[in-house]
Amino acid sequence: MSKTPHGLERRRSWFQTSFFILFLLAPPLDLFRLDLNQGHFFLLRMNWTLGLDAFVHGEIGPGAATLNLVLRGFVPLLLVVSGFIFVSWRYGRLYCGWLCPHFSVVEAINKLMRRASGKPSIWEPAPLPERQPDGSALKPDPKFWPVTLITALFLAFVWALTLLTYLLPPFEIYENLLTASLTPNQFRFLAVATVLFLIEFTFARHLFCRFGCAVGLFQSLAWMANNKAMVVRFDTRRANECRGCDGQCDNVCPMRLKPRTLKRKMFTCTQCTQCISACDQVQSDNPAGGLLDWSEGKEALVVVTGRMPADTVREDKPLSAPRQE
Ligand code: SF4
Ligand code: SF4
């Protein structure tokens, strides 16, 4: 099955923004947080305990305590983890590309860095072409460096502050911050976490997504286990239509992948669809449309094996393997 990417970018940006707001507001609204002072979680405004206090006080026996542990700890965890793994197995790293607040930072800083230097990250070997998928030109302007660094610093502080509110009562933290009366430990946490996030956001943000994030890794492993999972597919039958394009799909990828390649080389693809949208823009005058799409089922197999299964090929000419980078 192929899906049209029209409007996907707008929808994705709506999802990302909403989830970022949820990430900021979950602690003050008691939707989800761990309160280290009280020693338990809050979930959907309710105290979420394992119910072991009653056992400690001798009010319930070991059988009831075990049941509490299973029902309040093991079962909810199992449901959340298995649901998450199933979505990844079927659709890939949708959480990363469509929700994760860290990936929103990756994309924001990438764009600013490209504006400042022509390179989406300092590790990019050379500046990317100035031409954008819509045909406009983006001339690097070093004046954007201060904006880039201030944005990275601001986001690092927001992340540090938010993480602290996931651990300690949020309104106490906000009040202490506004009245400059943070405890020494709160101040140290904020300062150290801000510096660490600043370093990560500036130098290693997409590298963390590619190599350092366990949540991303498990989604990728589940996705790779399903050859028919949804994947970005390049129509190799029309590969000659890429002539004249300077690899805009490669240029826009926030994970710095090459979308016209085999699935195993796109292990960390976040399903962000930016490559699909870029190609659609490049090919906007082409009646056949872009060369990349989201495919699943049998049509996804070509990205795994390099060959389309016989019953899905509509032309005489068999598909060749996608370009290998
Ligand atoms: S390959 Fe495409 S969908 Fe995957 S991360 Fe890169 S731009 Fe996003
Ligand atoms: S797939 Fe589309 S965006 Fe990528 S090089 Fe070909 S024409 Fe350009």
# chains A, B, ... in the order shown; residues from 1 in each chain; ligands from 1

call {"tool": "select_by_dssp", "arguments": {"residues": "segment 4-99 of chain A", "states": "strand (DSSP E)", "output": "ChimeraX atom specification"}}
result
/A:32-35,40-43,46-48

call {"tool": "write_last_selection", "arguments": {"atoms": "all heavy atoms", "output": "tab-separated table (two decimals), in the first residue's frame"}}
result
chain	number	residue	atom	x	y	z
A	32	PHE	N	1.94	13.13	34.35
A	32	PHE	CA	2.96	12.11	34.56
A	32	PHE	C	4.18	12.76	35.18
A	32	PHE	O	4.73	13.73	34.65
A	32	PHE	CB	3.36	11.43	33.24
A	32	PHE	CG	4.41	10.38	33.44
A	32	PHE	CD1	4.09	9.19	34.06
A	32	PHE	CD2	5.72	10.58	33.04
A	32	PHE	CE1	5.06	8.22	34.29
A	32	PHE	CE2	6.70	9.62	33.25
A	32	PHE	CZ	6.36	8.43	33.87
A	33	ARG	N	4.58	12.26	36.33
A	33	ARG	CA	5.84	12.69	36.95
A	33	ARG	C	6.15	11.77	38.12
A	33	ARG	O	5.26	11.09	38.63
A	33	ARG	CB	5.78	14.15	37.41
A	33	ARG	CG	4.89	14.42	38.60
A	33	ARG	CD	4.85	15.91	38.88
A	33	ARG	NE	3.92	16.24	39.94
A	33	ARG	CZ	4.23	16.29	41.23
A	33	ARG	NH1	5.46	16.01	41.62
A	33	ARG	NH2	3.33	16.59	42.14
A	34	LEU	N	7.43	11.77	38.48
A	34	LEU	CA	7.86	11.04	39.68
A	34	LEU	C	8.13	12.09	40.74
A	34	LEU	O	8.88	13.03	40.49
A	34	LEU	CB	9.14	10.26	39.36
A	34	LEU	CG	9.90	9.67	40.55
A	34	LEU	CD1	9.06	8.58	41.23
A	34	LEU	CD2	11.22	9.07	40.10
A	35	ASP	N	7.51	11.96	41.90
A	35	ASP	CA	7.77	12.92	42.97
A	35	ASP	C	8.74	12.28	43.96
A	35	ASP	O	8.36	11.38	44.72
A	35	ASP	CB	6.44	13.30	43.66
A	35	ASP	CG	6.63	14.52	44.54
A	35	ASP	OD1	7.64	14.55	45.28
A	35	ASP	OD2	5.78	15.43	44.48
A	40	HIS	N	6.71	8.43	44.92
A	40	HIS	CA	5.88	7.68	43.97
A	40	HIS	C	5.58	8.52	42.74
A	40	HIS	O	5.85	9.72	42.70
A	40	HIS	CB	4.58	7.20	44.63
A	40	HIS	CG	3.68	8.31	45.08
A	40	HIS	ND1	2.93	9.05	44.21
A	40	HIS	CD2	3.42	8.79	46.31
A	40	HIS	CE1	2.23	9.95	44.88
A	40	HIS	NE2	2.52	9.82	46.16
A	41	PHE	N	4.99	7.84	41.72
A	41	PHE	CA	4.63	8.52	40.48
A	41	PHE	C	3.27	9.18	40.61
A	41	PHE	O	2.43	8.76	41.42
A	41	PHE	CB	4.56	7.51	39.33
A	41	PHE	CG	5.91	7.08	38.81
A	41	PHE	CD1	6.52	5.93	39.30
A	41	PHE	CD2	6.56	7.81	37.83
A	41	PHE	CE1	7.76	5.52	38.84
A	41	PHE	CE2	7.80	7.41	37.35
A	41	PHE	CZ	8.40	6.26	37.85
A	42	PHE	N	3.05	10.19	39.76
A	42	PHE	CA	1.70	10.70	39.51
A	42	PHE	C	1.34	10.30	38.09
A	42	PHE	O	2.15	10.45	37.18
A	42	PHE	CB	1.66	12.24	39.62
A	42	PHE	CG	1.58	12.73	41.04
A	42	PHE	CD1	2.73	12.84	41.81
A	42	PHE	CD2	0.36	13.06	41.60
A	42	PHE	CE1	2.67	13.28	43.11
A	42	PHE	CE2	0.29	13.51	42.91
A	42	PHE	CZ	1.43	13.62	43.67
A	43	LEU	N	0.14	9.80	37.90
A	43	LEU	CA	-0.31	9.44	36.55
A	43	LEU	C	-1.75	9.90	36.40
A	43	LEU	O	-2.62	9.50	37.18
A	43	LEU	CB	-0.21	7.92	36.35
A	43	LEU	CG	-0.61	7.43	34.96
A	43	LEU	CD1	0.38	7.92	33.90
A	43	LEU	CD2	-0.68	5.91	34.92
A	46	MET	N	-3.53	11.10	39.38
A	46	MET	CA	-3.72	10.19	40.51
A	46	MET	C	-2.36	9.75	41.06
A	46	MET	O	-1.38	9.71	40.31
A	46	MET	CB	-4.49	8.94	40.06
A	46	MET	CG	-5.94	9.22	39.70
A	46	MET	SD	-6.78	7.75	39.13
A	46	MET	CE	-6.03	7.44	37.56
A	47	ASN	N	-2.33	9.44	42.36
A	47	ASN	CA	-1.11	8.87	42.92
A	47	ASN	C	-0.95	7.47	42.36
A	47	ASN	O	-1.88	6.66	42.41
A	47	ASN	CB	-1.24	8.75	44.44
A	47	ASN	CG	-1.30	10.11	45.10
A	47	ASN	OD1	-0.80	11.08	44.55
A	47	ASN	ND2	-1.90	10.18	46.27
A	48	TRP	N	0.23	7.20	41.79
A	48	TRP	CA	0.46	5.86	41.26
A	48	TRP	C	1.52	5.18	42.13
A	48	TRP	O	2.71	5.42	41.98
A	48	TRP	CB	0.93	5.96	39.80
A	48	TRP	CG	1.10	4.63	39.13
A	48	TRP	CD1	0.54	3.44	39.49
A	48	TRP	CD2	1.92	4.35	37.99
A	48	TRP	NE1	0.93	2.44	38.65
A	48	TRP	CE2	1.77	2.98	37.70
A	48	TRP	CE3	2.73	5.11	37.16
A	48	TRP	CZ2	2.42	2.36	36.64
A	48	TRP	CZ3	3.39	4.51	36.11
A	48	TRP	CH2	3.23	3.15	35.85

call {"tool": "residues_around", "arguments": {"residues": "segment 238-241 of chain A", "least_positions_apart": "3", "cutoff": "9 Å", "atoms": "only C-alpha atoms", "output": "JSON, numbers by chain"}}
result
{"A": [234, 235, 244, 245, 283, 291, 322]}

call {"tool": "write_last_selection", "arguments": {"atoms": "N, CA and C atoms", "output": "tab-separated table (two decimals), in the first residue's frame"}}
result
chain	number	residue	atom	x	y	z
A	234	PHE	N	12.03	4.13	-2.70
A	234	PHE	CA	12.43	4.88	-3.89
A	234	PHE	C	12.03	4.09	-5.12
A	235	ASP	N	11.38	4.74	-6.07
A	235	ASP	CA	10.94	4.05	-7.28
A	235	ASP	C	12.10	3.98	-8.26
A	244	GLY	N	19.30	16.14	-12.83
A	244	GLY	CA	19.01	17.56	-12.66
A	244	GLY	C	18.70	17.92	-11.21
A	245	CYS	N	18.51	16.91	-10.37
A	245	CYS	CA	18.26	17.18	-8.96
A	245	CYS	C	19.55	16.90	-8.19
A	283	GLN	N	9.73	17.41	-7.90
A	283	GLN	CA	9.02	16.83	-9.04
A	283	GLN	C	7.62	17.44	-9.21
A	291	LEU	N	9.42	10.54	-6.50
A	291	LEU	CA	9.93	9.17	-6.65
A	291	LEU	C	10.00	8.42	-5.33
A	322	PRO	N	17.94	-0.64	-5.17
A	322	PRO	CA	18.11	0.78	-4.95
A	322	PRO	C	19.60	1.11	-4.85

call {"tool": "residues_around", "arguments": {"residues": "Trp294 of chain A", "least_positions_apart": "2", "cutoff": "12 Å", "atoms": "only C-alpha atoms", "output": "mmCIF file with N, CA, C and O atoms, in the first residue's frame"}}
result
data_model
loop_
_atom_site.group_PDB
_atom_site.id
_atom_site.type_symbol
_atom_site.label_atom_id
_atom_site.label_comp_id
_atom_site.auth_asym_id
_atom_site.auth_seq_id
_atom_site.Cartn_x
_atom_site.Cartn_y
_atom_site.Cartn_z
ATOM 1 N N MET A 1 0.845 -1.200 0.000
ATOM 2 C CA MET A 1 0.000 0.000 0.000
ATOM 3 C C MET A 1 0.878 1.248 0.000
ATOM 4 O O MET A 1 1.827 1.349 0.754
ATOM 5 N N SER A 2 0.570 2.172 -0.851
ATOM 6 C CA SER A 2 1.300 3.442 -0.852
ATOM 7 C C SER A 2 0.425 4.519 -0.249
ATOM 8 O O SER A 2 -0.784 4.499 -0.395
ATOM 9 N N LYS A 3 1.059 5.467 0.391
ATOM 10 C CA LYS A 3 0.290 6.553 0.996
ATOM 11 C C LYS A 3 0.714 7.862 0.371
ATOM 12 O O LYS A 3 1.877 8.082 0.113
ATOM 13 N N THR A 4 -0.240 8.741 0.121
ATOM 14 C CA THR A 4 0.135 10.045 -0.391
ATOM 15 C C THR A 4 0.716 10.896 0.725
ATOM 16 O O THR A 4 0.198 10.918 1.828
ATOM 17 N N PRO A 5 1.818 11.589 0.464
ATOM 18 C CA PRO A 5 2.442 12.383 1.525
ATOM 19 C C PRO A 5 1.840 13.771 1.666
ATOM 20 O O PRO A 5 2.281 14.535 2.502
ATOM 21 N N HIS A 6 0.817 14.105 0.805
ATOM 22 C CA HIS A 6 0.274 15.460 0.859
ATOM 23 C C HIS A 6 -0.211 15.800 2.262
ATOM 24 O O HIS A 6 -0.958 15.066 2.872
ATOM 25 N N LEU A 8 1.296 15.683 4.930
ATOM 26 C CA LEU A 8 1.941 14.949 6.028
ATOM 27 C C LEU A 8 2.846 15.860 6.847
ATOM 28 O O LEU A 8 2.900 15.765 8.063
ATOM 29 N N TYR A 91 5.229 0.234 11.904
ATOM 30 C CA TYR A 91 5.394 1.533 11.227
ATOM 31 C C TYR A 91 6.777 2.165 11.397
ATOM 32 O O TYR A 91 6.990 3.265 10.894
ATOM 33 N N GLY A 92 7.693 1.523 12.113
ATOM 34 C CA GLY A 92 9.015 2.110 12.290
ATOM 35 C C GLY A 92 9.042 3.143 13.410
ATOM 36 O O GLY A 92 8.180 3.162 14.283
ATOM 37 N N LYS A 228 7.926 -6.285 6.036
ATOM 38 C CA LYS A 228 6.810 -5.626 5.358
ATOM 39 C C LYS A 228 6.365 -4.353 6.090
ATOM 40 O O LYS A 228 5.314 -3.801 5.816
ATOM 41 N N ALA A 229 7.170 -3.916 7.027
ATOM 42 C CA ALA A 229 6.807 -2.695 7.777
ATOM 43 C C ALA A 229 6.836 -1.483 6.852
ATOM 44 O O ALA A 229 7.485 -1.495 5.800
ATOM 45 N N MET A 230 6.148 -0.444 7.254
ATOM 46 C CA MET A 230 6.112 0.784 6.458
ATOM 47 C C MET A 230 7.531 1.359 6.327
ATOM 48 O O MET A 230 8.283 1.405 7.297
ATOM 49 N N VAL A 231 7.857 1.784 5.114
ATOM 50 C CA VAL A 231 9.222 2.241 4.854
ATOM 51 C C VAL A 231 9.200 3.292 3.735
ATOM 52 O O VAL A 231 8.275 3.307 2.914
ATOM 53 N N VAL A 232 10.191 4.153 3.722
ATOM 54 C CA VAL A 232 10.329 5.086 2.597
ATOM 55 C C VAL A 232 10.920 4.316 1.424
ATOM 56 O O VAL A 232 11.992 3.718 1.548
ATOM 57 N N ARG A 233 10.199 4.326 0.304
ATOM 58 C CA ARG A 233 10.628 3.529 -0.847
ATOM 59 C C ARG A 233 10.942 4.440 -2.032
ATOM 60 O O ARG A 233 10.205 5.386 -2.312
ATOM 61 N N PHE A 234 12.025 4.128 -2.703
ATOM 62 C CA PHE A 234 12.434 4.880 -3.888
ATOM 63 C C PHE A 234 12.032 4.092 -5.119
ATOM 64 O O PHE A 234 12.319 2.895 -5.211
ATOM 65 N N ASP A 235 11.377 4.737 -6.065
ATOM 66 C CA ASP A 235 10.935 4.046 -7.279
ATOM 67 C C ASP A 235 12.102 3.982 -8.260
ATOM 68 O O ASP A 235 12.331 4.904 -9.047
ATOM 69 N N PRO A 259 17.939 8.459 1.574
ATOM 70 C CA PRO A 259 16.648 7.753 1.484
ATOM 71 C C PRO A 259 16.492 6.843 0.269
ATOM 72 O O PRO A 259 15.583 6.041 0.240
ATOM 73 N N GLN A 271 10.954 8.097 9.939
ATOM 74 C CA GLN A 271 9.672 8.226 9.222
ATOM 75 C C GLN A 271 9.184 9.676 9.223
ATOM 76 O O GLN A 271 7.977 9.924 9.283
ATOM 77 N N CYS A 272 10.131 10.610 9.182
ATOM 78 C CA CYS A 272 9.715 12.020 9.276
ATOM 79 C C CYS A 272 9.123 12.535 7.971
ATOM 80 O O CYS A 272 8.554 13.623 7.943
ATOM 81 N N THR A 273 9.298 11.813 6.889
ATOM 82 C CA THR A 273 8.735 12.116 5.558
ATOM 83 C C THR A 273 9.311 13.376 4.908
ATOM 84 O O THR A 273 8.802 13.813 3.878
ATOM 85 N N GLN A 274 10.354 13.935 5.483
ATOM 86 C CA GLN A 274 10.905 15.146 4.854
ATOM 87 C C GLN A 274 11.477 14.844 3.473
ATOM 88 O O GLN A 274 11.400 15.679 2.574
ATOM 89 N N CYS A 275 12.067 13.630 3.317
ATOM 90 C CA CYS A 275 12.619 13.279 2.011
ATOM 91 C C CYS A 275 11.495 13.146 0.980
ATOM 92 O O CYS A 275 11.638 13.571 -0.172
ATOM 93 N N ILE A 276 10.355 12.582 1.405
ATOM 94 C CA ILE A 276 9.228 12.410 0.487
ATOM 95 C C ILE A 276 8.700 13.777 0.048
ATOM 96 O O ILE A 276 8.471 14.028 -1.138
ATOM 97 N N SER A 277 8.536 14.672 1.026
ATOM 98 C CA SER A 277 8.026 16.012 0.709
ATOM 99 C C SER A 277 8.997 16.757 -0.197
ATOM 100 O O SER A 277 8.579 17.448 -1.136
ATOM 101 N N GLY A 290 6.446 12.550 -7.203
ATOM 102 C CA GLY A 290 7.761 12.264 -6.620
ATOM 103 C C GLY A 290 8.140 10.802 -6.769
ATOM 104 O O GLY A 290 7.311 9.951 -7.088
ATOM 105 N N LEU A 291 9.418 10.535 -6.499
ATOM 106 C CA LEU A 291 9.927 9.167 -6.653
ATOM 107 C C LEU A 291 9.999 8.419 -5.335
ATOM 108 O O LEU A 291 10.394 7.257 -5.297
ATOM 109 N N LEU A 292 9.684 9.098 -4.253
ATOM 110 C CA LEU A 292 9.724 8.451 -2.941
ATOM 111 C C LEU A 292 8.314 8.378 -2.388
ATOM 112 O O LEU A 292 7.515 9.303 -2.577
ATOM 113 N N GLU A 296 4.175 -0.133 2.416
ATOM 114 C CA GLU A 296 4.202 -1.232 3.382
ATOM 115 C C GLU A 296 3.673 -2.486 2.720
ATOM 116 O O GLU A 296 3.238 -2.452 1.570
ATOM 117 N N GLY A 297 3.739 -3.604 3.423
ATOM 118 C CA GLY A 297 3.314 -4.869 2.832
ATOM 119 C C GLY A 297 4.321 -5.316 1.783
ATOM 120 O O GLY A 297 5.514 -5.051 1.884
ATOM 121 N N GLU A 299 4.962 -4.244 -1.143
ATOM 122 C CA GLU A 299 5.697 -3.180 -1.832
ATOM 123 C C GLU A 299 6.909 -2.704 -1.033
ATOM 124 O O GLU A 299 7.799 -2.062 -1.584
ATOM 125 N N ALA A 300 6.901 -3.003 0.276
ATOM 126 C CA ALA A 300 8.043 -2.581 1.100
ATOM 127 C C ALA A 300 9.234 -3.517 0.912
ATOM 128 O O ALA A 300 10.364 -3.165 1.248
ATOM 129 N N VAL A 303 12.640 -2.531 -0.731
ATOM 130 C CA VAL A 303 13.643 -1.759 0.020
ATOM 131 C C VAL A 303 14.497 -2.694 0.879
ATOM 132 O O VAL A 303 15.604 -2.367 1.269
#

call {"tool": "atom_distance", "arguments": {"atom1": "atom CA of Leu153 of chain A", "atom2": "atom CA of Ser121 of chain A"}}
result
16.1 Å

call {"tool": "closest_residue", "arguments": {"among": "A:Phe74, A:Trp98, A:Phe187, A:Phe86", "to": "ligand 1", "atoms": "only C-alpha atoms and all ligand atoms"}}
result
A:Trp98

call {"tool": "select_by_dssp", "arguments": {"residues": "segment 194-236 of chain A", "states": "alpha helix (DSSP H)", "output": "VMD selection string"}}
result
chain A and resid 194 to 199 205 to 207 214 to 224

call {"tool": "write_last_selection", "arguments": {"atoms": "N, CA and C atoms", "output": "mmCIF file, in the first residue's frame"}}
result
data_model
loop_
_atom_site.group_PDB
_atom_site.id
_atom_site.type_symbol
_atom_site.label_atom_id
_atom_site.label_comp_id
_atom_site.auth_asym_id
_atom_site.auth_seq_id
_atom_site.Cartn_x
_atom_site.Cartn_y
_atom_site.Cartn_z
ATOM 1 N N THR A 194 21.779 21.970 32.038
ATOM 2 C CA THR A 194 21.739 22.937 30.934
ATOM 3 C C THR A 194 23.029 22.866 30.116
ATOM 4 N N VAL A 195 24.165 22.798 30.804
ATOM 5 C CA VAL A 195 25.442 22.734 30.075
ATOM 6 C C VAL A 195 25.519 21.444 29.248
ATOM 7 N N LEU A 196 25.110 20.315 29.870
ATOM 8 C CA LEU A 196 25.184 19.041 29.131
ATOM 9 C C LEU A 196 24.257 19.048 27.917
ATOM 10 N N PHE A 197 23.035 19.556 28.113
ATOM 11 C CA PHE A 197 22.106 19.609 26.965
ATOM 12 C C PHE A 197 22.631 20.566 25.898
ATOM 13 N N LEU A 198 23.225 21.672 26.322
ATOM 14 C CA LEU A 198 23.766 22.621 25.338
ATOM 15 C C LEU A 198 24.837 21.940 24.480
ATOM 16 N N ILE A 199 25.724 21.179 25.133
ATOM 17 C CA ILE A 199 26.778 20.475 24.379
ATOM 18 C C ILE A 199 26.134 19.467 23.412
ATOM 19 N N ARG A 205 23.364 16.249 18.446
ATOM 20 C CA ARG A 205 21.930 15.946 18.589
ATOM 21 C C ARG A 205 21.465 14.782 17.713
ATOM 22 N N HIS A 206 21.767 14.804 16.385
ATOM 23 C CA HIS A 206 21.287 13.678 15.570
ATOM 24 C C HIS A 206 22.143 12.432 15.803
ATOM 25 N N LEU A 207 23.371 12.637 16.264
ATOM 26 C CA LEU A 207 24.213 11.467 16.577
ATOM 27 C C LEU A 207 23.645 10.720 17.779
ATOM 28 N N ALA A 214 18.255 4.672 23.582
ATOM 29 C CA ALA A 214 17.734 3.304 23.707
ATOM 30 C C ALA A 214 16.316 3.211 23.145
ATOM 31 N N VAL A 215 15.517 4.258 23.341
ATOM 32 C CA VAL A 215 14.135 4.235 22.824
ATOM 33 C C VAL A 215 14.159 4.117 21.299
ATOM 34 N N GLY A 216 15.061 4.863 20.674
ATOM 35 C CA GLY A 216 15.195 4.795 19.221
ATOM 36 C C GLY A 216 15.710 3.432 18.779
ATOM 37 N N LEU A 217 16.701 2.908 19.499
ATOM 38 C CA LEU A 217 17.314 1.627 19.124
ATOM 39 C C LEU A 217 16.270 0.503 19.130
ATOM 40 N N PHE A 218 15.443 0.439 20.195
ATOM 41 C CA PHE A 218 14.459 -0.647 20.268
ATOM 42 C C PHE A 218 13.387 -0.511 19.188
ATOM 43 N N GLN A 219 13.028 0.730 18.847
ATOM 44 C CA GLN A 219 12.076 0.902 17.743
ATOM 45 C C GLN A 219 12.694 0.403 16.434
ATOM 46 N N SER A 220 13.973 0.747 16.208
ATOM 47 C CA SER A 220 14.635 0.314 14.970
ATOM 48 C C SER A 220 14.728 -1.205 14.904
ATOM 49 N N LEU A 221 15.069 -1.837 16.047
ATOM 50 C CA LEU A 221 15.209 -3.303 16.043
ATOM 51 C C LEU A 221 13.870 -3.966 15.727
ATOM 52 N N ALA A 222 12.779 -3.441 16.327
ATOM 53 C CA ALA A 222 11.455 -4.013 16.058
ATOM 54 C C ALA A 222 11.099 -3.819 14.587
ATOM 55 N N TRP A 223 11.411 -2.663 14.053
ATOM 56 C CA TRP A 223 11.092 -2.338 12.652
ATOM 57 C C TRP A 223 11.854 -3.249 11.698
ATOM 58 N N MET A 224 13.146 -3.471 11.989
ATOM 59 C CA MET A 224 13.968 -4.299 11.109
ATOM 60 C C MET A 224 13.500 -5.758 11.114
#

call {"tool": "atom_distance", "arguments": {"atom1": "atom CA of Leu161 of chain A", "atom2": "atom CA of Ala116 of chain A"}}
result
27.5 Å

call {"tool": "closest_residue", "arguments": {"among": "A:Ser295, A:Thr66, A:Thr49, A:Thr202", "to": "ligand 1", "atoms": "only C-alpha atoms and all ligand atoms"}}
result
A:Ser295

call {"tool": "closest_residue", "arguments": {"among": "A:Gln186, A:Ser181, A:Thr270, A:Gln132", "to": "ligand 1", "atoms": "only C-alpha atoms and all ligand atoms"}}
result
A:Thr270

call {"tool": "closest_residue", "arguments": {"among": "A:Ser88, A:Thr165, A:Asn68, A:Asn185", "to": "Leu36 of chain A", "atoms": "only C-alpha atoms"}}
result
A:Thr165

call {"tool": "atom_distance", "arguments": {"atom1": "atom CA of Leu112 of chain A", "atom2": "atom CA of Val147 of chain A"}}
result
7.7 Å

call {"tool": "decode", "arguments": {"residues": "segment 221-241 of chain A", "atoms": "N, CA and C atoms", "output": "tab-separated table (two decimals), in the first residue's frame"}}
result
chain	number	residue	atom	x	y	z
A	221	LEU	N	15.07	-1.84	16.05
A	221	LEU	CA	15.21	-3.30	16.04
A	221	LEU	C	13.87	-3.97	15.73
A	222	ALA	N	12.78	-3.44	16.33
A	222	ALA	CA	11.46	-4.01	16.06
A	222	ALA	C	11.10	-3.82	14.59
A	223	TRP	N	11.41	-2.66	14.05
A	223	TRP	CA	11.09	-2.34	12.65
A	223	TRP	C	11.85	-3.25	11.70
A	224	MET	N	13.15	-3.47	11.99
A	224	MET	CA	13.97	-4.30	11.11
A	224	MET	C	13.50	-5.76	11.11
A	225	ALA	N	12.80	-6.15	12.19
A	225	ALA	CA	12.34	-7.54	12.27
A	225	ALA	C	11.14	-7.79	11.36
A	226	ASN	N	10.57	-6.74	10.80
A	226	ASN	CA	9.38	-6.90	9.95
A	226	ASN	C	9.70	-6.37	8.55
A	227	ASN	N	9.91	-7.29	7.61
A	227	ASN	CA	10.28	-6.88	6.25
A	227	ASN	C	9.17	-6.13	5.53
A	228	LYS	N	7.93	-6.29	6.04
A	228	LYS	CA	6.81	-5.63	5.36
A	228	LYS	C	6.37	-4.35	6.09
A	229	ALA	N	7.17	-3.92	7.03
A	229	ALA	CA	6.81	-2.70	7.78
A	229	ALA	C	6.84	-1.48	6.85
A	230	MET	N	6.15	-0.44	7.25
A	230	MET	CA	6.11	0.78	6.46
A	230	MET	C	7.53	1.36	6.33
A	231	VAL	N	7.86	1.78	5.11
A	231	VAL	CA	9.22	2.24	4.85
A	231	VAL	C	9.20	3.29	3.73
A	232	VAL	N	10.19	4.15	3.72
A	232	VAL	CA	10.33	5.09	2.60
A	232	VAL	C	10.92	4.32	1.42
A	233	ARG	N	10.20	4.33	0.30
A	233	ARG	CA	10.63	3.53	-0.85
A	233	ARG	C	10.94	4.44	-2.03
A	234	PHE	N	12.03	4.13	-2.70
A	234	PHE	CA	12.43	4.88	-3.89
A	234	PHE	C	12.03	4.09	-5.12
A	235	ASP	N	11.38	4.74	-6.07
A	235	ASP	CA	10.94	4.05	-7.28
A	235	ASP	C	12.10	3.98	-8.26
A	236	THR	N	12.83	2.86	-8.20
A	236	THR	CA	14.04	2.73	-9.01
A	236	THR	C	13.72	2.70	-10.51
A	237	ARG	N	12.46	2.36	-10.86
A	237	ARG	CA	12.13	2.32	-12.30
A	237	ARG	C	12.23	3.70	-12.93
A	238	ARG	N	12.10	4.73	-12.06
A	238	ARG	CA	12.13	6.10	-12.59
A	238	ARG	C	13.41	6.82	-12.17
A	239	ALA	N	14.44	6.04	-11.84
A	239	ALA	CA	15.65	6.66	-11.27
A	239	ALA	C	16.23	7.75	-12.17
A	240	ASN	N	16.05	7.59	-13.51
A	240	ASN	CA	16.64	8.60	-14.40
A	240	ASN	C	15.96	9.97	-14.25
A	241	GLU	N	14.79	9.99	-13.59
A	241	GLU	CA	14.12	11.29	-13.39
A	241	GLU	C	14.81	12.11	-12.30
